[in-house]
Each structure stands twice: as C-alpha cells, then as structure tokens.
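Have a look at protein19.pdb; it's PDB, C-alpha atoms and all ligand atoms:
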```pdb
ATOM      1  CA  MET A 187       0.000   0.000   0.000
ATOM      2  CA  GLN A 188       1.270   3.482  -0.872
ATOM      3  CA  ASN A 189       2.361   5.710   2.020
ATOM      4  CA  SER A 190       0.004   8.403   0.753
ATOM      5  CA  THR A 191      -3.158   6.227   0.905
ATOM      6  CA  THR A 192      -5.480   7.354   3.681
ATOM      7  CA  ILE A 193      -7.950   4.872   5.173
ATOM      8  CA  GLY A 194     -10.973   6.044   7.154
ATOM      9  CA  PHE A 195     -12.873   3.694   9.450
ATOM     10  CA  ILE A 196     -16.482   4.503  10.287
ATOM     11  CA  GLY A 197     -17.222   2.587  13.483
ATOM     12  CA  ALA A 198     -14.471   2.023  16.053
ATOM     13  CA  GLY A 199     -15.729  -1.336  17.425
ATOM     14  CA  ASN A 200     -14.140  -4.779  17.587
ATOM     15  CA  MET A 201     -13.688  -5.453  13.884
ATOM     16  CA  ALA A 202     -12.370  -1.985  13.068
ATOM     17  CA  TYR A 203      -9.979  -2.344  16.005
ATOM     18  CA  ALA A 204      -8.700  -5.684  14.676
ATOM     19  CA  ILE A 205      -8.103  -4.337  11.161
ATOM     20  CA  MET A 206      -6.513  -1.083  12.350
ATOM     21  CA  SER A 207      -4.195  -3.047  14.677
ATOM     22  CA  GLY A 208      -3.277  -5.394  11.826
ATOM     23  CA  LEU A 209      -2.498  -2.505   9.485
ATOM     24  CA  ILE A 210      -0.335  -0.710  12.044
ATOM     25  CA  ASN A 211       1.468  -3.919  13.056
ATOM     26  CA  ASN A 212       2.198  -4.527   9.374
ATOM     27  CA  GLY A 213       3.810  -1.135   8.863
ATOM     28  CA  THR A 214       0.975   1.242   7.919
ATOM     29  CA  SER A 215       1.563   4.578   9.616
ATOM     30  CA  ALA A 216      -1.081   5.725  12.109
ATOM     31  CA  LYS A 217      -1.075   8.997  10.130
ATOM     32  CA  GLN A 218      -2.681   7.110   7.219
ATOM     33  CA  ILE A 219      -5.611   5.957   9.371
ATOM     34  CA  LYS A 220      -8.572   8.106  10.450
ATOM     35  CA  LEU A 221     -11.468   7.004  12.596
ATOM     36  CA  SER A 222     -14.989   8.187  13.298
ATOM     37  CA  ASP A 223     -17.612   6.925  15.732
ATOM     38  CA  THR A 224     -20.555   8.326  17.648
ATOM     39  CA  ASN A 225     -19.105   6.912  20.888
ATOM     40  CA  GLU A 226     -16.668   9.561  22.126
ATOM     41  CA  ALA A 227     -15.295   7.436  24.978
ATOM     42  CA  LEU A 228     -14.346   4.669  22.540
ATOM     43  CA  LEU A 229     -12.811   7.173  20.109
ATOM     44  CA  SER A 230     -10.704   8.578  22.899
ATOM     45  CA  LEU A 231      -9.463   5.071  23.823
ATOM     46  CA  ARG A 232      -8.462   4.365  20.202
ATOM     47  CA  LYS A 233      -6.806   7.772  19.869
ATOM     48  CA  ASP A 234      -4.743   7.146  23.012
ATOM     49  CA  GLU A 235      -3.710   3.672  21.856
ATOM     50  CA  PHE A 236      -2.804   4.448  18.229
ATOM     51  CA  ASN A 237      -2.356   8.235  18.118
ATOM     52  CA  LEU A 238      -4.890   8.505  15.271
ATOM     53  CA  GLU A 239      -6.893  11.457  14.040
ATOM     54  CA  VAL A 240     -10.485  10.869  15.171
ATOM     55  CA  PHE A 241     -13.845  12.417  14.284
ATOM     56  CA  THR A 242     -17.328  12.341  15.747
ATOM     57  CA  ASP A 243     -18.696  13.460  12.377
ATOM     58  CA  ASN A 244     -18.561  10.795   9.634
ATOM     59  CA  VAL A 245     -18.832  13.403   6.879
ATOM     60  CA  LYS A 246     -15.704  15.219   8.101
ATOM     61  CA  LEU A 247     -13.767  11.950   8.094
ATOM     62  CA  VAL A 248     -14.747  11.128   4.520
ATOM     63  CA  THR A 249     -13.262  14.282   3.024
ATOM     64  CA  HIS A 250      -9.806  13.189   4.278
ATOM     65  CA  CYS A 251      -9.811   9.615   2.914
ATOM     66  CA  ASP A 252      -9.083   7.540  -0.230
ATOM     67  CA  VAL A 253     -10.614   4.405   1.297
ATOM     68  CA  ILE A 254     -13.614   4.230   3.612
ATOM     69  CA  VAL A 255     -14.154   1.103   5.699
ATOM     70  CA  LEU A 256     -17.788   0.834   6.790
ATOM     71  CA  ALA A 257     -17.473  -0.926  10.161
ATOM     72  CA  VAL A 258     -20.807  -0.138  11.821
ATOM     73  CA  LYS A 259     -23.545  -2.658  12.578
ATOM     74  CA  PRO A 260     -25.632  -3.601   9.525
ATOM     75  CA  GLN A 261     -28.759  -1.985  11.033
ATOM     76  CA  VAL A 262     -27.219   1.517  10.992
ATOM     77  CA  LEU A 263     -25.460   1.204   7.649
ATOM     78  CA  SER A 264     -28.173   2.860   5.550
ATOM     79  CA  THR A 265     -28.202   5.925   7.856
ATOM     80  CA  VAL A 266     -24.414   6.208   7.693
ATOM     81  CA  CYS A 267     -24.362   5.824   3.890
ATOM     82  CA  HIS A 268     -27.043   8.481   3.418
ATOM     83  CA  GLN A 269     -24.905  10.872   5.503
ATOM     84  CA  LEU A 270     -22.037  10.344   3.061
ATOM     85  CA  GLU A 271     -24.110  10.734  -0.108
ATOM     86  CA  ASN A 272     -22.733  13.650  -2.184
ATOM     87  CA  THR A 273     -19.599  14.055  -0.047
ATOM     88  CA  LEU A 274     -17.457  11.185  -1.342
ATOM     89  CA  LYS A 275     -14.463  12.163  -3.501
ATOM     90  CA  THR A 276     -14.443  10.609  -6.983
ATOM     91  CA  GLY A 277     -12.486   7.364  -6.919
ATOM     92  CA  THR A 278     -13.014   6.664  -3.212
ATOM     93  CA  LEU A 279     -12.947   2.951  -2.479
ATOM     94  CA  ILE A 280     -15.727   1.801  -0.145
ATOM     95  CA  ILE A 281     -15.045  -1.392   1.830
ATOM     96  CA  SER A 282     -17.990  -2.760   3.789
ATOM     97  CA  ILE A 283     -17.433  -5.310   6.531
ATOM     98  CA  ALA A 284     -21.126  -5.237   7.514
ATOM     99  CA  ALA A 285     -22.584  -8.738   7.477
ATOM    100  CA  GLY A 286     -25.357  -9.384   4.986
ATOM    101  CA  VAL A 287     -25.833  -5.977   3.356
ATOM    102  CA  ARG A 288     -25.651  -6.250  -0.446
ATOM    103  CA  ALA A 289     -23.279  -4.102  -2.512
ATOM    104  CA  ARG A 290     -26.144  -2.797  -4.669
ATOM    105  CA  ASP A 291     -27.986  -1.512  -1.557
ATOM    106  CA  ILE A 292     -24.861   0.207  -0.221
ATOM    107  CA  ASP A 293     -24.314   1.728  -3.674
ATOM    108  CA  ARG A 294     -27.916   2.989  -3.806
ATOM    109  CA  TRP A 295     -27.687   4.511  -0.302
ATOM    110  CA  LEU A 296     -24.421   6.251  -1.279
ATOM    111  CA  GLY A 297     -25.983   7.792  -4.391
ATOM    112  CA  GLY A 298     -24.827   5.299  -7.053
ATOM    113  CA  ASN A 299     -21.750   4.521  -9.190
ATOM    114  CA  GLN A 300     -19.485   3.840  -6.218
ATOM    115  CA  SER A 301     -16.551   1.407  -6.108
ATOM    116  CA  ILE A 302     -17.642  -1.074  -3.451
ATOM    117  CA  VAL A 303     -15.845  -4.086  -2.035
ATOM    118  CA  ARG A 304     -18.041  -6.135   0.247
ATOM    119  CA  THR A 305     -16.258  -8.411   2.687
ATOM    120  CA  MET A 306     -17.003 -11.160   5.178
ATOM    121  CA  PRO A 307     -14.239 -11.336   7.792
ATOM    122  CA  ASN A 308     -14.365 -13.582  10.862
ATOM    123  CA  THR A 309     -13.548 -13.102  14.536
ATOM    124  CA  PRO A 310     -10.084 -14.761  14.539
ATOM    125  CA  ALA A 311      -9.125 -11.507  12.759
ATOM    126  CA  LEU A 312      -8.803 -10.208  16.331
ATOM    127  CA  LEU A 313      -5.725 -12.480  16.632
ATOM    128  CA  ASN A 314      -4.469 -11.902  13.075
ATOM    129  CA  GLN A 315      -5.761 -15.382  12.183
ATOM    130  CA  GLY A 316      -8.858 -14.358  10.281
ATOM    131  CA  VAL A 317      -9.991 -15.351   6.836
ATOM    132  CA  THR A 318     -12.012 -12.914   4.751
ATOM    133  CA  GLY A 319     -14.105 -13.409   1.631
ATOM    134  CA  LEU A 320     -14.235 -10.372  -0.679
ATOM    135  CA  PHE A 321     -16.511  -9.371  -3.541
ATOM    136  CA  ALA A 322     -15.979  -6.358  -5.817
ATOM    137  CA  ASN A 323     -18.745  -4.601  -7.738
ATOM    138  CA  GLU A 324     -18.224  -3.643 -11.385
ATOM    139  CA  SER A 325     -16.866  -0.165 -10.575
ATOM    140  CA  VAL A 326     -13.871  -1.458  -8.598
ATOM    141  CA  THR A 327     -10.536  -1.168 -10.467
ATOM    142  CA  ASP A 328      -7.707  -3.730 -10.307
ATOM    143  CA  LEU A 329      -5.683  -1.298  -8.203
ATOM    144  CA  GLN A 330      -8.567  -0.891  -5.761
ATOM    145  CA  LYS A 331      -8.944  -4.680  -5.550
ATOM    146  CA  GLN A 332      -5.271  -4.944  -4.700
ATOM    147  CA  LEU A 333      -5.677  -2.276  -2.012
ATOM    148  CA  ALA A 334      -8.745  -3.945  -0.450
ATOM    149  CA  GLY A 335      -6.925  -7.318  -0.427
ATOM    150  CA  ASP A 336      -3.872  -5.725   1.251
ATOM    151  CA  ILE A 337      -6.066  -4.180   3.965
ATOM    152  CA  LEU A 338      -7.879  -7.427   4.809
ATOM    153  CA  ASP A 339      -4.662  -9.471   4.546
ATOM    154  CA  SER A 340      -3.408  -7.487   7.539
ATOM    155  CA  VAL A 341      -5.655  -9.599   9.812
ATOM    156  CA  GLY A 342      -5.134 -13.011   8.201
ATOM    157  CA  GLN A 343      -5.841 -14.325   4.739
ATOM    158  CA  SER A 344      -8.290 -13.176   2.120
ATOM    159  CA  LEU A 345      -9.842 -14.578  -1.017
ATOM    160  CA  TRP A 346     -12.110 -13.189  -3.723
ATOM    161  CA  VAL A 347     -15.438 -14.547  -4.913
ATOM    162  CA  GLU A 348     -16.753 -13.696  -8.378
ATOM    163  CA  GLU A 349     -20.458 -13.797  -7.492
ATOM    164  CA  GLU A 350     -21.887 -11.874  -4.541
ATOM    165  CA  LEU A 351     -24.105 -14.848  -3.639
ATOM    166  CA  MET A 352     -20.929 -16.755  -2.791
ATOM    167  CA  LEU A 353     -20.357 -14.353   0.122
ATOM    168  CA  ASP A 354     -23.386 -16.061   1.717
ATOM    169  CA  ALA A 355     -21.523 -19.371   1.336
ATOM    170  CA  VAL A 356     -18.406 -17.750   2.862
ATOM    171  CA  THR A 357     -20.637 -16.540   5.719
ATOM    172  CA  ALA A 358     -21.966 -20.070   6.253
ATOM    173  CA  LEU A 359     -18.452 -21.517   6.279
ATOM    174  CA  SER A 360     -15.878 -19.121   7.726
ATOM    175  CA  GLY A 361     -18.020 -16.194   8.934
ATOM    176  CA  SER A 362     -20.090 -18.348  11.281
ATOM    177  CA  GLY A 363     -17.498 -21.154  11.345
ATOM    178  CA  PRO A 364     -15.612 -20.171  14.508
ATOM    179  CA  ALA A 365     -18.816 -20.847  16.475
ATOM    180  CA  TYR A 366     -19.047 -24.380  15.012
ATOM    181  CA  PHE A 367     -15.550 -25.129  16.302
ATOM    182  CA  PHE A 368     -16.390 -23.581  19.691
ATOM    183  CA  LEU A 369     -19.402 -25.929  19.807
ATOM    184  CA  MET A 370     -17.171 -28.910  19.015
ATOM    185  CA  ILE A 371     -14.649 -27.847  21.683
ATOM    186  CA  GLU A 372     -17.501 -27.477  24.191
ATOM    187  CA  SER A 373     -19.101 -30.837  23.294
ATOM    188  CA  MET A 374     -15.789 -32.707  23.441
ATOM    189  CA  ALA A 375     -14.927 -31.162  26.817
ATOM    190  CA  ASN A 376     -18.400 -32.057  28.183
ATOM    191  CA  ALA A 377     -18.029 -35.613  26.893
ATOM    192  CA  GLY A 378     -14.589 -35.797  28.554
ATOM    193  CA  VAL A 379     -16.165 -34.782  31.873
ATOM    194  CA  ALA A 380     -18.844 -37.451  31.374
ATOM    195  CA  LEU A 381     -16.006 -39.968  30.990
ATOM    196  CA  GLY A 382     -14.551 -38.915  34.360
ATOM    197  CA  LEU A 383     -12.059 -36.087  33.629
ATOM    198  CA  ASP A 384     -12.250 -32.930  35.721
ATOM    199  CA  GLU A 385     -13.618 -29.897  33.880
ATOM    200  CA  GLN A 386     -10.369 -27.934  33.661
ATOM    201  CA  THR A 387      -8.443 -30.908  32.303
ATOM    202  CA  ALA A 388     -11.169 -31.739  29.791
ATOM    203  CA  GLN A 389     -11.272 -28.148  28.528
ATOM    204  CA  LYS A 390      -7.513 -27.921  28.181
ATOM    205  CA  LEU A 391      -7.359 -31.206  26.272
ATOM    206  CA  SER A 392     -10.201 -30.155  23.990
ATOM    207  CA  ILE A 393      -8.861 -26.679  23.187
ATOM    208  CA  GLN A 394      -5.277 -27.801  22.625
ATOM    209  CA  THR A 395      -6.441 -30.697  20.429
ATOM    210  CA  ALA A 396      -8.426 -28.274  18.230
ATOM    211  CA  LEU A 397      -5.417 -25.965  17.963
ATOM    212  CA  GLY A 398      -2.983 -28.800  17.202
ATOM    213  CA  ALA A 399      -5.267 -30.420  14.633
ATOM    214  CA  SER A 400      -5.879 -27.085  12.911
ATOM    215  CA  MET A 401      -2.151 -26.364  12.770
ATOM    216  CA  MET A 402      -1.495 -29.813  11.317
ATOM    217  CA  ALA A 403      -4.213 -29.316   8.700
ATOM    218  CA  SER A 404      -2.826 -25.906   7.713
ATOM    219  CA  THR A 405       0.893 -26.793   7.634
ATOM    220  CA  SER A 406       0.898 -30.390   6.372
ATOM    221  CA  GLY A 407       0.822 -31.106   2.642
ATOM    222  CA  ASP A 408      -1.835 -33.752   3.349
ATOM    223  CA  SER A 409      -5.564 -33.088   3.067
ATOM    224  CA  ALA A 410      -7.753 -33.276   6.181
ATOM    225  CA  HIS A 411      -9.056 -36.584   4.825
ATOM    226  CA  GLU A 412      -5.528 -38.006   4.527
ATOM    227  CA  LEU A 413      -4.560 -36.748   7.981
ATOM    228  CA  ARG A 414      -7.632 -38.419   9.423
ATOM    229  CA  ALA A 415      -6.836 -41.706   7.661
ATOM    230  CA  LYS A 416      -3.279 -41.582   9.069
ATOM    231  CA  VAL A 417      -4.494 -41.369  12.683
ATOM    232  CA  THR A 418      -7.279 -43.929  12.254
ATOM    233  CA  SER A 419      -5.867 -47.427  12.787
ATOM    234  CA  PRO A 420      -8.218 -50.209  11.703
ATOM    235  CA  ASN A 421     -10.288 -51.387  14.655
ATOM    236  CA  GLY A 422      -8.625 -48.830  16.939
ATOM    237  CA  THR A 423     -10.160 -46.201  19.228
ATOM    238  CA  THR A 424     -10.327 -43.418  16.607
ATOM    239  CA  GLN A 425     -12.038 -45.797  14.164
ATOM    240  CA  ALA A 426     -14.664 -46.559  16.829
ATOM    241  CA  ALA A 427     -15.400 -42.855  17.302
ATOM    242  CA  ILE A 428     -15.426 -41.992  13.572
ATOM    243  CA  ASP A 429     -17.767 -44.930  12.857
ATOM    244  CA  SER A 430     -20.090 -43.628  15.558
ATOM    245  CA  PHE A 431     -20.048 -40.105  14.013
ATOM    246  CA  GLN A 432     -20.764 -41.545  10.578
ATOM    247  CA  ASP A 433     -23.549 -43.820  11.819
ATOM    248  CA  GLN A 434     -25.249 -40.599  12.943
ATOM    249  CA  ASN A 435     -24.724 -38.897   9.574
ATOM    250  CA  PHE A 436     -22.195 -36.330  10.749
ATOM    251  CA  ASP A 437     -21.582 -35.019   7.180
ATOM    252  CA  VAL A 438     -25.303 -34.538   6.608
ATOM    253  CA  MET A 439     -25.676 -32.730   9.938
ATOM    254  CA  VAL A 440     -22.884 -30.287   8.999
ATOM    255  CA  ALA A 441     -24.307 -29.776   5.503
ATOM    256  CA  HIS A 442     -27.775 -28.993   6.934
ATOM    257  CA  ALA A 443     -26.348 -26.543   9.460
ATOM    258  CA  MET A 444     -24.379 -24.663   6.807
ATOM    259  CA  ARG A 445     -27.379 -24.588   4.465
ATOM    260  CA  ALA A 446     -29.393 -22.996   7.304
ATOM    261  CA  ALA A 447     -26.684 -20.302   7.743
ATOM    262  CA  PHE A 448     -26.546 -19.726   3.954
ATOM    263  CA  ASP A 449     -30.340 -19.349   3.713
ATOM    264  CA  ARG A 450     -30.418 -16.997   6.705
ATOM    265  CA  ALA A 451     -27.679 -14.843   5.129
ATOM    266  CA  GLY A 452     -29.876 -14.491   2.033
ATOM    267  CA  GLU A 453     -32.924 -13.509   4.121
ATOM    268  CA  LEU A 454     -30.891 -10.960   6.095
ATOM    269  CA  GLY A 455     -29.599  -9.413   2.872
ATOM    270  CA  VAL A 456     -33.181  -8.842   1.719
ATOM    271  CA  GLU A 457     -34.362  -7.542   5.126
ATOM    272  CA  LEU A 458     -31.396  -5.182   5.579
ATOM    273  CA  GLY A 459     -31.552  -3.888   2.028
ATOM    274  CA  ASN A 460     -35.244  -3.022   2.203
ATOM    275  CA  SER A 461     -34.780   0.428   3.722
ATOM    276  CA  ASP A 462     -34.600   3.366   1.283
TER     277      ASP A 462
HETATM  278  N1  LIG A 501     -17.513  -9.085  15.156
HETATM  279  C1  LIG A 501     -17.618 -10.049  14.226
HETATM  280  O1  LIG A 501     -17.467 -11.236  14.452
HETATM  281  C2  LIG A 501     -17.883  -9.688  12.797
HETATM  282  C3  LIG A 501     -17.590 -10.618  11.793
HETATM  283  C4  LIG A 501     -17.852 -10.254  10.481
HETATM  284  C5  LIG A 501     -18.407  -9.023  10.208
HETATM  285  N2  LIG A 501     -18.684  -8.169  11.223
HETATM  286  C6  LIG A 501     -19.300  -6.886  10.909
HETATM  287  O2  LIG A 501     -18.451  -5.841  11.362
HETATM  288  C7  LIG A 501     -19.283  -4.712  11.655
HETATM  289  C8  LIG A 501     -18.826  -4.146  12.973
HETATM  290  O3  LIG A 501     -18.972  -5.146  13.966
HETATM  291  P1  LIG A 501     -18.352  -4.936  15.397
HETATM  292  O4  LIG A 501     -18.463  -6.239  16.104
HETATM  293  O5  LIG A 501     -17.008  -4.287  15.270
HETATM  294  O6  LIG A 501     -19.428  -3.872  15.983
HETATM  295  P2  LIG A 501     -19.314  -2.882  17.212
HETATM  296  O7  LIG A 501     -18.228  -3.350  18.142
HETATM  297  O8  LIG A 501     -20.686  -2.660  17.723
HETATM  298  O9  LIG A 501     -18.787  -1.514  16.544
HETATM  299  C9  LIG A 501     -19.591  -0.627  15.820
HETATM  300  C10 LIG A 501     -19.286   0.785  16.296
HETATM  301  O10 LIG A 501     -20.009   1.697  15.464
HETATM  302  C11 LIG A 501     -20.527   2.726  16.305
HETATM  303  N3  LIG A 501     -21.623   3.440  15.648
HETATM  304  C12 LIG A 501     -22.965   3.270  15.756
HETATM  305  N4  LIG A 501     -23.627   4.149  14.979
HETATM  306  C13 LIG A 501     -22.675   4.889  14.344
HETATM  307  C14 LIG A 501     -22.739   5.954  13.407
HETATM  308  N5  LIG A 501     -23.909   6.433  12.953
HETATM  309  N6  LIG A 501     -21.588   6.501  12.983
HETATM  310  C15 LIG A 501     -20.385   6.045  13.439
HETATM  311  N7  LIG A 501     -20.273   5.027  14.320
HETATM  312  C16 LIG A 501     -21.399   4.466  14.773
HETATM  313  C17 LIG A 501     -20.951   1.963  17.531
HETATM  314  O11 LIG A 501     -21.185   2.826  18.622
HETATM  315  P3  LIG A 501     -22.292   2.343  19.724
HETATM  316  O12 LIG A 501     -21.790   1.082  20.306
HETATM  317  O13 LIG A 501     -22.307   3.495  20.686
HETATM  318  O14 LIG A 501     -23.573   2.163  18.965
HETATM  319  C18 LIG A 501     -19.738   1.055  17.742
HETATM  320  O15 LIG A 501     -18.704   1.715  18.450
HETATM  321  C19 LIG A 501     -20.730  -5.189  11.684
HETATM  322  O16 LIG A 501     -21.411  -4.710  10.543
HETATM  323  C20 LIG A 501     -20.628  -6.683  11.636
HETATM  324  O17 LIG A 501     -21.672  -7.248  10.864
HETATM  325  C21 LIG A 501     -18.410  -8.454  12.511
END
```
Output the file's structure as structure tokens, nothing else.
Amino acid sequence: MQNSTTIGFIGAGNMAYAIMSGLINNGTSAKQIKLSDTNEALLSLRKDEFNLEVFTDNVKLVTHCDVIVLAVKPQVLSTVCHQLENTLKTGTLIISIAAGVRARDIDRWLGGNQSIVRTMPNTPALLNQGVTGLFANESVTDLQKQLAGDILDSVGQSLWVEEELMLDAVTALSGSGPAYFFLMIESMANAGVALGLDEQTAQKLSIQTALGASMMASTSGDSAHELRAKVTSPNGTTQAAIDSFQDQNFDVMVAHAMRAAFDRAGELGVELGNSD
C-alpha cells in the first residue's frame, strides 16, 4: 500500500480495532488511518492507543480519505451511507465489513456509481488469524482490488469470490465457522467430563487438540481426509469414534447446518436492504 493512501474507518468497534491493529502492526503509519464513531469514549481510547486522528462526524472523516471502511452494525449502515451521499471524492474505495448488506444496496444509499468491495471477515481476525471473503462490484478497479486485499490481509488471509451470492456461502463456512468449532470444543470437553475427567483438564485437552489439529491441517501437505486416515488405525479407538459419528450422519448434519446459515444470510440481505 502506498504511504500516501489514507484509510478512514467509520465505526471504532471490535472489527475496526482488529483491522486497524493489523495494518499498524504490518507497517501502515497511524497517520494514514482516520477514525470516526458516535461513541466519544471509545474514540478517545483508540486515539490514546494508536495516536490517530479521530472524528465524531462521519462526513468530516470522509473528506480526508481515499478508502472508507464501513465498520458499523448492519442496522445503521443505511443511515451512515445516506450521511455520506454527495460528499465522497471521486475514486473513493468503499469497503464494507457489515454482514449481509448487499453491494447494490450500499451503492444505492451512497448515491450510485461507487466502487464497493463487500467483505465477510471472521472473529479470529482479532488475533491476526482471520480469513475474509471479498466481492468487488463492477466499478472497482484492479488497483482498488489490490488495495482492499492488502487491507484485509493485515488480519489473516483473504480470497475473492466472483459472485456476490458466494459471500453467503463464505458466511456459512468461515463467517459463522468459529462458532461451530467452539461448539465442538464445548461438546468434546463435556463428553470428557462425562467420561470422568475434571472440567479444567477436559477443557484444556479439547482446546489444545483443536489448535494442534488445525495447525497440522494448515501446515501439512496432506488433506484433512488423509490426515484423518493416518491417525485412524483399523479397529482402533479413533475408528470406533469416527464410525459412531458416521452412523449418525455427521456429514449430513454439517451440511444442513451450513445450508441454514446460507439461507439466513440471504434472508438478512433482503431484510437489511429493504430500507430506502
Ligand atoms: N464481530 C464479528 O465477528 C464480525 C464478523 C464479520 C463481520 N462483522 C461486521 O463488522 C461490523 C462491525 O462489527 P463490530 O463487532 O465491530 O461492531 P461494534 O463493536 O458494535 O462496533 C460498531 C461501532 O459503530 C458505532 N456506531 C454506531 N452508529 C454509528 C454511526 N452512525 N456513525 C459512526 N459510528 C457508529 C458503535 O457505537 P455504539 O456502540 O455506541 O452504537 C460502535 O462503536 C458489523 O457490521 C458486523 O456485521 C463483525
């Protein structure tokens, strides 16, 4: 990213904090980052931590920036966009991290013909271990795509989807995915307690196993399927557990759950985009 590029965050909450931290830790100067929020106490905290220029007026922030990151809750996004209508500089890149809200609705609320990258990050971004799906509308240039990718790469990895609908699939997989793994960690720890382990031990074993398995899956050249086969000796303990999962249609259960998340993402997009 060029040293002259200025990035403005609207909304100073958890996700904005994660991305700003990632940018600064990766060498972006705090001078290149501006922040606005209606919560003055939070703004003051961020200003003290990063030495950023902060604003309580979103419109004032926008006039200083080449990139605007919309980091407010989806329910207030239309109000924020309408505030910015007619004040955006030509060529401003808009990056939305708001879950569910369609690019065409954001574009309409901003007055039309805007370069919009819609993204779906996930909470491990708070630890620089996020993964973000990105979608660009037809007005986004190659240079802007590069810039958006660089910004989201500062909190983990990012990948582009060609069709906006695929962001709903990203939501169902990685956006909501951390909660599925938390559920698995919780269930395995509870089952460990049922087998006689004390709660603290069971939790530690469950969490560290999830971490170790995930690291193996991400660093080994083998697929998850191959890794599983390698630790599953015929007629052994792992085989007994995997057979039990499969007898209860584990794959089907996961597929149904992700379909439910995908469908709900579609419904939310319609509901959130309905306002003028
Ligand atoms: N956290 C996640 O796991 C996650 C994952 C993917 C995507 N996202 C998306 O990221 C976005 C931000 O989420 P978050 O968890 O960071 O939310 P958050 O912590 O609630 O932060 C949003 C901030 O925006 C402020 N705000 C409200 N109205 C505003 C306005 N009109 N102008 C400027 N600022 C305003 C809020 O202030 P008040 O608190 O005073 O209202 C709050 O400080 C959401 O759209 C969410 O869908 C989050």
Name the residues that the PyMOL selection byres (((chain A and resi 447) around 12) and not hetatm) pulls out of this structure, and write them as a PyMOL selection string. chain A and resi 286+353-363+365-366+440-446+448-454
May I have the selected residues written with C-alpha atoms, as a PDB file, keeping the file's coordinate frame?
```
ATOM      1  CA  GLY A 286     -25.357  -9.384   4.986  1.00  0.00           C
ATOM      2  CA  LEU A 353     -20.357 -14.353   0.122  1.00  0.00           C
ATOM      3  CA  ASP A 354     -23.386 -16.061   1.717  1.00  0.00           C
ATOM      4  CA  ALA A 355     -21.523 -19.371   1.336  1.00  0.00           C
ATOM      5  CA  VAL A 356     -18.406 -17.750   2.862  1.00  0.00           C
ATOM      6  CA  THR A 357     -20.637 -16.540   5.719  1.00  0.00           C
ATOM      7  CA  ALA A 358     -21.966 -20.070   6.253  1.00  0.00           C
ATOM      8  CA  LEU A 359     -18.452 -21.517   6.279  1.00  0.00           C
ATOM      9  CA  SER A 360     -15.878 -19.121   7.726  1.00  0.00           C
ATOM     10  CA  GLY A 361     -18.020 -16.194   8.934  1.00  0.00           C
ATOM     11  CA  SER A 362     -20.090 -18.348  11.281  1.00  0.00           C
ATOM     12  CA  GLY A 363     -17.498 -21.154  11.345  1.00  0.00           C
ATOM     13  CA  ALA A 365     -18.816 -20.847  16.475  1.00  0.00           C
ATOM     14  CA  TYR A 366     -19.047 -24.380  15.012  1.00  0.00           C
ATOM     15  CA  VAL A 440     -22.884 -30.287   8.999  1.00  0.00           C
ATOM     16  CA  ALA A 441     -24.307 -29.776   5.503  1.00  0.00           C
ATOM     17  CA  HIS A 442     -27.775 -28.993   6.934  1.00  0.00           C
ATOM     18  CA  ALA A 443     -26.348 -26.543   9.460  1.00  0.00           C
ATOM     19  CA  MET A 444     -24.379 -24.663   6.807  1.00  0.00           C
ATOM     20  CA  ARG A 445     -27.379 -24.588   4.465  1.00  0.00           C
ATOM     21  CA  ALA A 446     -29.393 -22.996   7.304  1.00  0.00           C
ATOM     22  CA  PHE A 448     -26.546 -19.726   3.954  1.00  0.00           C
ATOM     23  CA  ASP A 449     -30.340 -19.349   3.713  1.00  0.00           C
ATOM     24  CA  ARG A 450     -30.418 -16.997   6.705  1.00  0.00           C
ATOM     25  CA  ALA A 451     -27.679 -14.843   5.129  1.00  0.00           C
ATOM     26  CA  GLY A 452     -29.876 -14.491   2.033  1.00  0.00           C
ATOM     27  CA  GLU A 453     -32.924 -13.509   4.121  1.00  0.00           C
ATOM     28  CA  LEU A 454     -30.891 -10.960   6.095  1.00  0.00           C
TER      29      LEU A 454
END
```
Please return as a PyMOL selection string every residue within 10 Å of (-11.7, -12.8, 12.8), taking into account all atoms listed in the file and the file's own coordinates. chain A and resi 200-201+204-205+306-318+341-342+360-361+364
Dump the neighbourhood of ligand LIG 501 (chain A) as a list in words: all residues within 7 Å, distances computed on all atoms listed in the file.
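Result of the 7 Å neighbour search around ligand LIG 501 (chain A): Ile196, Gly197, Ala198, Gly199, Asn200, Met201, Ala202, Ser222, Asp223, Thr224, Asn225, Leu228, Asn244, Ala257, Val258, Lys259, Pro260, Val262, Thr265, Val266, Ile283, Ala284, Ala285, Met306, Pro307, Asn308, Thr309 and Gly361 of chain A.
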Å distance separating atom CA of Gln432 of chain A from atom CA of Thr405 of chain A, one decimal place: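 Interatomic distance here is 26.4 Å.
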Residue nearest Ile210 of chain A among A:Asp293, A:Glu350, A:Glu235, A:Glu226 (counting all atoms listed in the file):
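Once distances to Ile210 of chain A are computed over all atoms listed in the file, the minimum belongs to A:Glu235.
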Could you build a table of the residues in segment 352-413 of chain A lying no more than 12 Å from segment 418-428 of chain A, giving for each the nearest pair of atoms and their separation in Å rounded to one decimal place, using only C-alpha atoms, ordered by chain and ascending residue number, as a tab-separated table?
```
residue	atom	partner	partner_atom	distance
A:Met374	CA	A:Ala427	CA	11.9
A:His411	CA	A:Thr418	CA	10.6
A:Glu412	CA	A:Thr418	CA	9.9
A:Leu413	CA	A:Thr418	CA	8.8
```
Q | Explicit residue set for the PyMOL selection byres (((chain A and resi 349) around 12) and not hetatm), as JSON, numbers by chain | A | {"A": [288, 289, 304, 319, 320, 321, 322, 323, 324, 346, 347, 348, 350, 351, 352, 353, 354, 355, 356]}
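Among the candidates A:Gly297, A:Gly194, A:Gly459, A:Gly382, the one nearest to Glu239 of chain A when counting only C-alpha atoms is A:Gly194.
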Any idea what's packed within 10 Å of Arg294 of chain A, counting only C-alpha atoms, ignoring anything in its chain fewer than 3 positions away? Could you give it as a PyMOL selection string?
-> chain A and resi 264+267-268+271+289-291+297-300+459+462
Output the selection as a compact mmCIF listing (two decimals), in the frame of the given file - C-alpha atoms for each residue.
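Output contents, as saved in again_16.txt:
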```
# COMPACT_ATOMS: atom_id res chain seq x y z
CA SER A 264 -28.17 2.86 5.55
CA CYS A 267 -24.36 5.82 3.89
CA HIS A 268 -27.04 8.48 3.42
CA GLU A 271 -24.11 10.73 -0.11
CA ALA A 289 -23.28 -4.10 -2.51
CA ARG A 290 -26.14 -2.80 -4.67
CA ASP A 291 -27.99 -1.51 -1.56
CA GLY A 297 -25.98 7.79 -4.39
CA GLY A 298 -24.83 5.30 -7.05
CA ASN A 299 -21.75 4.52 -9.19
CA GLN A 300 -19.48 3.84 -6.22
CA GLY A 459 -31.55 -3.89 2.03
CA ASP A 462 -34.60 3.37 1.28
```
**Asked** Where does the PyMOL selection byres (((chain A and resi 253) around 6) and not hetatm) land in this file, that is, which residues does it pick, as a list in words?
**Response**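 Expected selection for the PyMOL selection byres (((chain A and resi 253) around 6) and not hetatm) here is Ile193, Cys251, Asp252, Ile254, Thr278, Leu279 and Ile280 of chain A.
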Here atom CA of Leu369 of chain A and atom CA of Asp433 of chain A stand apart by 20.0 Å
The distance between atom CA of Lys220 of chain A and atom CA of Val248 of chain A is 9.1 Å
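Minimum atom-to-atom distances from A:Phe431, A:Phe241, A:Trp295, A:Phe195 to Ile337 of chain A were compared using all atoms listed in the file, and the lowest value belongs to A:Phe195.
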Selected residue, from A:Phe368, A:Thr242, A:Val379, A:Phe236, that lies nearest to Asn211 of chain A when counting all atoms listed in the file
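Distance minimum relative to Asn211 of chain A lands on A:Phe236.
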